[in-house]
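**Q** Next comes the structure file query_35.txt, holding compact mmCIF, C-alpha atoms.
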# COMPACT_ATOMS: atom_id res chain seq x y z
CA MET A 1 -2.72 -8.81 2.47
CA SER A 2 -1.05 -10.34 -0.53
CA THR A 3 1.52 -13.08 -0.67
CA VAL A 4 4.01 -14.87 -2.95
CA GLN A 5 7.74 -15.42 -3.25
CA VAL A 6 10.88 -13.44 -2.53
CA GLY A 7 14.15 -13.15 -4.40
CA VAL A 8 16.41 -11.10 -6.60
CA ARG A 9 16.76 -11.92 -10.26
CA THR A 10 19.87 -11.25 -12.29
CA ALA A 11 17.82 -9.73 -15.11
CA GLY A 12 14.56 -7.80 -15.10
CA PRO A 13 12.59 -6.59 -12.07
CA ALA A 14 13.03 -8.66 -8.94
CA PRO A 15 10.04 -10.03 -7.05
CA ALA A 16 9.46 -8.56 -3.60
CA PRO A 17 9.81 -10.68 -0.46
CA ALA A 18 6.80 -12.55 0.81
CA PRO A 19 5.39 -11.09 4.02
CA ALA A 20 7.28 -12.46 7.00
CA VAL A 21 5.73 -13.99 10.08
CA ARG A 22 6.15 -11.31 12.74
CA PRO A 23 5.77 -11.24 16.51
CA SER A 24 2.95 -9.13 17.98
CA ALA A 25 5.30 -6.30 18.96
CA PRO A 26 8.56 -5.02 17.47
CA PRO A 27 11.79 -5.03 19.44
CA HIS A 28 12.48 -2.05 21.74
CA ALA A 29 14.19 -0.28 18.81
CA LEU A 30 12.97 -1.34 15.40
CA ARG A 31 15.92 -2.35 13.21
CA VAL A 32 16.05 -1.30 9.55
CA HIS A 33 18.47 -2.62 6.94
CA VAL A 34 18.84 -0.08 4.13
CA ARG A 35 19.45 -1.18 0.53
CA ALA A 36 20.09 1.00 -2.54
CA ALA A 37 22.33 0.66 -5.59
CA ASP A 38 23.36 4.33 -5.28
CA PRO A 39 25.63 4.82 -2.23
CA ALA A 40 24.48 8.45 -1.83
CA VAL A 41 20.82 7.40 -1.76
CA ARG A 42 21.66 4.62 0.69
CA GLY A 43 23.48 7.04 2.96
CA ARG A 44 20.65 9.60 2.98
CA LEU A 45 18.04 6.94 3.71
CA ALA A 46 20.14 5.42 6.49
CA ALA A 47 20.55 8.84 8.11
CA ARG A 48 16.80 9.41 8.06
CA VAL A 49 16.17 5.96 9.51
CA VAL A 50 18.41 6.82 12.46
CA ALA A 51 16.81 10.26 12.84
CA GLY A 52 13.42 8.55 13.02
CA GLY A 53 14.49 6.51 16.03
CA ALA A 54 15.18 3.16 14.34
CA GLU A 55 18.34 1.14 14.76
CA PRO A 56 20.39 0.63 11.58
CA ALA A 57 21.25 -2.94 10.64
CA ALA A 58 24.33 -3.65 8.51
CA GLU A 59 22.78 -6.89 7.24
CA TRP A 60 19.25 -8.20 7.26
CA ALA A 61 18.38 -10.55 10.13
CA PRO A 62 15.05 -11.89 11.44
CA GLY A 63 13.11 -9.14 13.17
CA ALA A 64 14.51 -6.36 10.97
CA VAL A 65 12.76 -4.37 8.26
CA VAL A 66 14.35 -3.83 4.85
CA GLY A 67 14.21 -0.30 3.44
CA ALA A 68 14.97 -0.38 -0.30
CA ALA A 69 15.34 2.82 -2.33
CA ALA A 70 15.69 3.64 -6.04
CA ASP A 71 14.15 5.88 -8.65
CA THR A 72 11.44 3.29 -9.46
CA VAL A 73 9.72 0.44 -7.66
CA ASP A 74 11.43 -2.22 -9.79
CA GLY A 75 14.80 -0.63 -9.06
CA ALA A 76 14.15 -0.75 -5.33
CA LEU A 77 13.10 -4.41 -5.52
CA GLU A 78 16.26 -5.27 -7.45
CA ALA A 79 18.28 -3.82 -4.56
CA CYS A 80 16.62 -6.12 -2.00
CA PRO A 81 18.64 -8.80 -0.23
CA PRO A 82 18.34 -12.42 -1.38
CA THR A 83 15.53 -14.70 -0.35
CA ALA A 84 15.01 -15.11 3.39
CA PRO A 85 13.11 -18.03 4.93
CA GLY A 86 9.57 -16.77 5.48
CA GLY A 87 10.33 -13.51 3.69
CA TYR A 88 10.93 -10.16 5.35
CA PRO A 89 9.03 -6.89 5.90
CA LEU A 90 9.89 -4.30 3.27
CA VAL A 91 9.47 -0.56 2.72
CA VAL A 92 9.98 0.59 -0.89
CA VAL A 93 11.10 4.22 -1.27
CA ALA A 94 11.01 5.49 -4.86
CA ASP A 95 10.86 8.64 -6.96
CA ARG A 96 8.38 7.21 -9.45
CA PHE A 97 5.64 4.62 -9.13
CA PRO A 98 4.70 3.22 -12.56
CA THR A 99 1.37 1.46 -12.14
CA ALA A 100 2.56 -1.83 -13.66
CA GLU A 101 5.50 -1.93 -11.23
CA VAL A 102 3.24 -1.16 -8.25
CA VAL A 103 0.88 -3.98 -9.24
CA ARG A 104 3.82 -6.39 -9.54
CA ALA A 105 5.05 -5.37 -6.09
CA LEU A 106 1.61 -5.83 -4.56
CA ARG A 107 1.18 -9.24 -6.12
CA ALA A 108 4.61 -10.23 -4.78
CA GLY A 109 3.65 -9.26 -1.24
CA THR A 110 4.94 -5.69 -0.84
CA GLY A 111 2.33 -3.15 0.20
CA THR A 112 4.36 -0.44 1.96
CA LEU A 113 5.43 2.22 -0.54
CA LEU A 114 6.77 5.71 0.21
CA PRO A 115 7.64 8.54 -2.22
CA SER A 116 11.24 9.74 -1.86
CA GLY A 117 10.12 13.33 -1.52
CA ARG A 118 8.04 12.43 1.53
CA ALA A 119 10.54 10.07 3.15
CA THR A 120 11.06 12.16 6.28
CA PRO A 121 12.41 10.45 9.41
CA ASP A 122 8.93 10.32 10.96
CA ARG A 123 7.28 8.96 7.83
CA LEU A 124 10.02 6.37 7.38
CA ALA A 125 9.57 5.24 10.97
CA ALA A 126 5.81 4.96 10.49
CA ALA A 127 6.26 3.03 7.23
CA ALA A 128 8.76 0.66 8.85
CA ARG A 129 6.34 -0.06 11.69
CA ALA A 130 3.54 -0.66 9.20
CA ALA A 131 5.70 -3.06 7.18
CA TYR A 132 6.79 -4.85 10.36
CA HIS A 133 3.15 -5.53 11.24
CA GLY A 134 2.23 -6.51 7.69
CA GLU A 135 0.07 -3.43 7.02
CA ASP A 136 -0.33 -2.09 3.48
CA ARG A 137 0.42 1.63 3.13
CA LEU A 138 0.30 3.19 -0.31
CA PRO A 139 0.53 6.86 -1.34
CA HIS A 140 -2.87 8.26 -2.21
CA GLU A 141 -1.86 9.25 -5.73
CA VAL A 142 -0.56 5.72 -6.36
CA LEU A 143 -3.63 4.04 -4.93
CA VAL A 144 -6.10 5.89 -7.13
CA ARG A 145 -4.25 4.84 -10.31
CA LEU A 146 -4.50 1.12 -9.57
CA PRO A 147 -6.76 -0.98 -11.81
CA HIS A 148 -10.21 -1.17 -10.26
CA GLU A 149 -10.15 -4.93 -9.67
CA VAL A 150 -6.72 -4.74 -8.02
CA LEU A 151 -7.80 -1.85 -5.82
CA VAL A 152 -11.00 -3.48 -4.62
CA ARG A 153 -9.35 -6.79 -3.84
CA LEU A 154 -6.47 -5.06 -2.05
CA ILE A 155 -8.76 -2.92 0.11
CA ASN A 156 -10.95 -5.92 0.95
CA GLY A 157 -7.96 -8.06 1.93
CA LYS A 158 -8.46 -10.61 -0.84
CA GLY A 159 -5.07 -10.33 -2.51
CA THR A 160 -4.48 -8.62 -5.83
CA GLU A 161 -5.02 -11.42 -8.30
CA PRO A 162 -8.34 -10.93 -10.13
CA PRO A 163 -10.76 -13.88 -10.16
CA ALA A 164 -10.48 -16.33 -13.03
CA ALA A 165 -12.31 -15.18 -16.11
CA GLY A 166 -15.52 -16.96 -16.97
CA PRO A 167 -18.71 -16.48 -18.96
CA PRO A 168 -21.08 -13.83 -17.60
CA ALA A 169 -24.19 -14.94 -15.81
CA ALA A 170 -27.26 -15.37 -17.99
CA GLY A 171 -28.81 -12.00 -18.73
CA ALA A 172 -26.11 -10.14 -16.81
CA ALA A 173 -25.00 -6.81 -18.22
CA GLU A 174 -21.64 -5.30 -17.37
CA LYS A 175 -22.13 -2.30 -15.07
CA LYS A 176 -19.89 0.70 -14.83
CA SER A 177 -19.22 1.79 -11.25
CA PRO A 178 -20.50 5.29 -10.44
CA LEU A 179 -17.52 5.72 -8.11
CA THR A 180 -13.90 6.56 -8.86
CA ALA A 181 -11.11 4.28 -7.63
CA ARG A 182 -10.38 6.72 -4.80
CA GLN A 183 -14.04 6.80 -3.73
CA THR A 184 -14.22 3.00 -3.87
CA ALA A 185 -11.13 2.71 -1.67
CA VAL A 186 -12.52 5.09 0.94
CA LEU A 187 -15.97 3.51 0.92
CA SER A 188 -14.48 0.03 1.33
CA LEU A 189 -12.66 1.22 4.45
CA VAL A 190 -15.83 2.89 5.74
CA ALA A 191 -17.64 -0.42 5.23
CA ASP A 192 -14.96 -2.12 7.35
CA GLY A 193 -15.74 0.27 10.22
CA HIS A 194 -12.75 2.63 9.97
CA ASP A 195 -13.16 6.28 10.98
CA ASN A 196 -11.79 9.20 8.95
CA ALA A 197 -8.50 9.34 10.84
CA ALA A 198 -7.80 5.64 10.31
CA ILE A 199 -8.72 5.90 6.62
CA ALA A 200 -6.38 8.87 6.22
CA ARG A 201 -3.50 6.87 7.74
CA THR A 202 -4.17 3.89 5.51
CA LEU A 203 -4.36 5.95 2.32
CA ASP A 204 -1.58 8.36 3.35
CA CYS A 205 -3.70 11.48 2.97
CA SER A 206 -5.31 14.03 5.31
CA PRO A 207 -8.59 13.49 7.24
CA HIS A 208 -9.90 16.56 5.40
CA THR A 209 -9.32 14.80 2.07
CA VAL A 210 -11.14 11.72 3.35
CA LYS A 211 -14.07 13.88 4.47
CA ASN A 212 -14.30 15.49 1.03
CA VAL A 213 -14.15 12.12 -0.74
CA ILE A 214 -16.96 10.79 1.46
CA TYR A 215 -19.11 13.81 0.57
CA GLU A 216 -18.37 13.23 -3.12
CA LEU A 217 -19.23 9.53 -3.04
CA MET A 218 -22.45 10.16 -1.08
CA ALA A 219 -23.49 12.65 -3.75
CA ARG A 220 -22.77 10.14 -6.52
CA LEU A 221 -24.71 7.41 -4.72
CA ARG A 222 -27.49 9.88 -3.81
CA VAL A 223 -27.44 9.05 -0.11
CA ASN A 224 -27.42 11.20 3.03
CA ASN A 225 -25.08 9.35 5.42
CA ARG A 226 -22.25 6.83 5.62
CA ALA A 227 -24.42 3.88 6.62
CA HIS A 228 -26.75 4.47 3.69
CA ALA A 229 -23.73 4.78 1.38
CA VAL A 230 -22.40 1.40 2.49
CA ALA A 231 -25.82 -0.24 2.13
CA ARG A 232 -26.28 1.20 -1.37
CA ALA A 233 -22.77 0.14 -2.41
CA VAL A 234 -23.33 -3.41 -1.15
CA ARG A 235 -26.59 -3.66 -3.13
CA LEU A 236 -24.79 -2.40 -6.24
CA GLY A 237 -21.89 -4.80 -5.72
CA LEU A 238 -19.35 -1.98 -5.39
CA VAL A 239 -17.79 -3.21 -2.13
Would you write out, as structure tokens, the structure that this file holds?

**A**
Amino acid sequence: MSTVQVGVRTAGPAPAPAPAVRPSAPPHALRVHVRAADPAVRGRLAARVVAGGAEPAAEWAPGAVVGAAADTVDGALEACPPTAPGGYPLVVVADRFPTAEVVRALRAGTGTLLPSGRATPDRLAAAARAAYHGEDRLPHEVLVRLPHEVLVRLINGKGTEPPAAGPPAAGAAEKKSPLTARQTAVLSLVADGHDNAAIARTLDCSPHTVKNVIYELMARLRVNNRAHAVARAVRLGLV
């Protein structure tokens, strides 16, 4: 969804790699190159990668996914390998997700984030496949904390940079959205034609949670069905 450069800086948070150009299907066994400053963290993550059915890679090479782990997003990005031509797919595994760091990662091209506590072999494998195919996958609790303009542009596939500031249109009054960030994210995916199961996978939550959010947003918009909710949101400029 979002693009920009790759690299590791010697001071301060490192930018994430730009999304790589990937073939339509991964190799028979998806290869994952694990990076972490802490050897114990690196060892645990590597073991889970193997348990999830992926093939460990000692060094990054084209066709492989990088799995970078640290306590924060910036720390994981600092552990990434140096710039690769065309970038590389990346999964960030972290204990904490400060909003400013998440926004920086998104703007640098990284949209696959996984909490350390949920980094089971199966979830790591799913995240690696998502990263390989260039799909954004953010934890639900991280997604709902994103600034509204970043969230909407991310969900709508328009990158994360807000539009250039300019004077408001004549007579235009700033409107406050009746929806929360979580409701906006779900409704944007509904508008794109996704069913509850697909939305749950994208937002890393349960279909039951998605169903509840849809009920909540329909109540706020005072509509009776999904189609009416989308139509009302489009008229209000919410999606």

**Q** Show which residues sit within 12 Å of Asp195 of chain A, as a VMD selection string. Count only C-alpha atoms, and ignore same-chain residues fewer than 5 positions away.

**A** chain A and resid 186 to 190 200 to 202 207 210 to 211 214 226

**Q** Env of Ala233 of chain A: 10 Å cut, atoms = all atoms listed in the file, seq-sep filter 2 positions within chain, self excluded. Answer as an MDAnalysis selection string.

**A** chainID A and resid 177:179 184 187:188 191 221 227:231 235:239

**Q** Near Thr72 of chain A, within 7 Å and counting all atoms listed in the file, which residues show up once chain neighbours fewer than 5 positions away are dropped, as a compact mmCIF listing (two decimals) with C-alpha atoms, in the frame of the given file?

**A**
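Wrote around_25.txt, looks like this:
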# COMPACT_ATOMS: atom_id res chain seq x y z
CA ALA A 94 11.01 5.49 -4.86
CA ASP A 95 10.86 8.64 -6.96
CA ARG A 96 8.38 7.21 -9.45
CA PHE A 97 5.64 4.62 -9.13

**Q** Within 12 Å of (-4.3, 10.5, -7.9) (coordinates as in the file), grab all the protein and nucleic acid residues, counting all atoms listed in the file, and write them out as a list in words.

**A**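 Output: Phe97, Thr99, Leu138, Pro139, His140, Glu141, Val142, Leu143, Val144, Arg145, Leu146, Thr180, Ala181, Arg182, Gln183, Leu203, Asp204, Cys205 and Thr209 of chain A.
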
**Q** Write out as a PyMOL selection string the residues lying within 10 Å of Asp122 of chain A, counting all atoms listed in the file and excluding same-chain residues fewer than 2 positions away.

**A** chain A and resi 48-49+51-53+118-120+124-128

**Q** What is the atom CA of Asn212 of chain A to atom CA of Val150 of chain A distance in Å?

**A**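 It comes out at 23.4 Å.
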
**Q** Between A:Pro82, A:Gly134, A:Gly193, A:Pro98, which is the closest to Pro115 of chain A once you count only C-alpha atoms?

**A**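 Between A:Pro82, A:Gly134, A:Gly193, A:Pro98, the residue approaching Pro115 of chain A most closely is A:Pro98.
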
**Q** Quick one: distance from atom CA of Ala36 of chain A to atom CA of Val73 of chain A in Å, one decimal?

**A**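 Atom CA of Val73 of chain A lies at a distance of 11.6 Å from atom CA of Ala36 of chain A.
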
**Q** Mind giving me the straight-line distance from atom CA of Ala131 of chain A to atom CA of Ala100 of chain A in Å, one decimal?

**A**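 Distance reported for this atom pair: 21.1 Å.
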
**Q** Please report, as AutoDock Vina command-line options, the centre and edge lengths in Å to one decimal of an axis-aligned box covering all listed atoms of segment 98-106 of chain A with 4 Å per side.

**A**
--center_x 3.2 --center_y -1.6 --center_z -9.1 --size_x 12.6 --size_y 17.6 --size_z 17.1

**Q** Using only C-alpha atoms, which of the listed residues (A:Leu77, A:Ile199, A:Ala185, A:Ala40) sits closest to His148 of chain A?

**A**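 The shortest atom-to-atom distance to His148 of chain A comes from A:Ala185.
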
**Q** Looking at all atoms listed in the file, which of A:Leu106, A:Ala46, A:Val66, A:Ala219 is the one that sits closest to Arg137 of chain A?

**A**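 Going through A:Leu106, A:Ala46, A:Val66, A:Ala219 one by one, the smallest distance to Arg137 of chain A is for A:Leu106.
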
**Q** Nearest to Gly63 of chain A: which of A:Val234, A:Met218, A:Leu90, A:Ala47 is it, counting all atoms listed in the file?

**A**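 Checking each candidate against Gly63 of chain A, we get A:Leu90 as the closest.
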
**Q** Hey, what's within 6 Å of Arg31 of chain A if we count only C-alpha atoms and toss same-chain stuff fewer than 3 positions away? As a list in words, please?

**A**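 Counting only C-alpha atoms, the residues come to Ala54, Glu55, Pro56, Ala57 and Ala64 of chain A.
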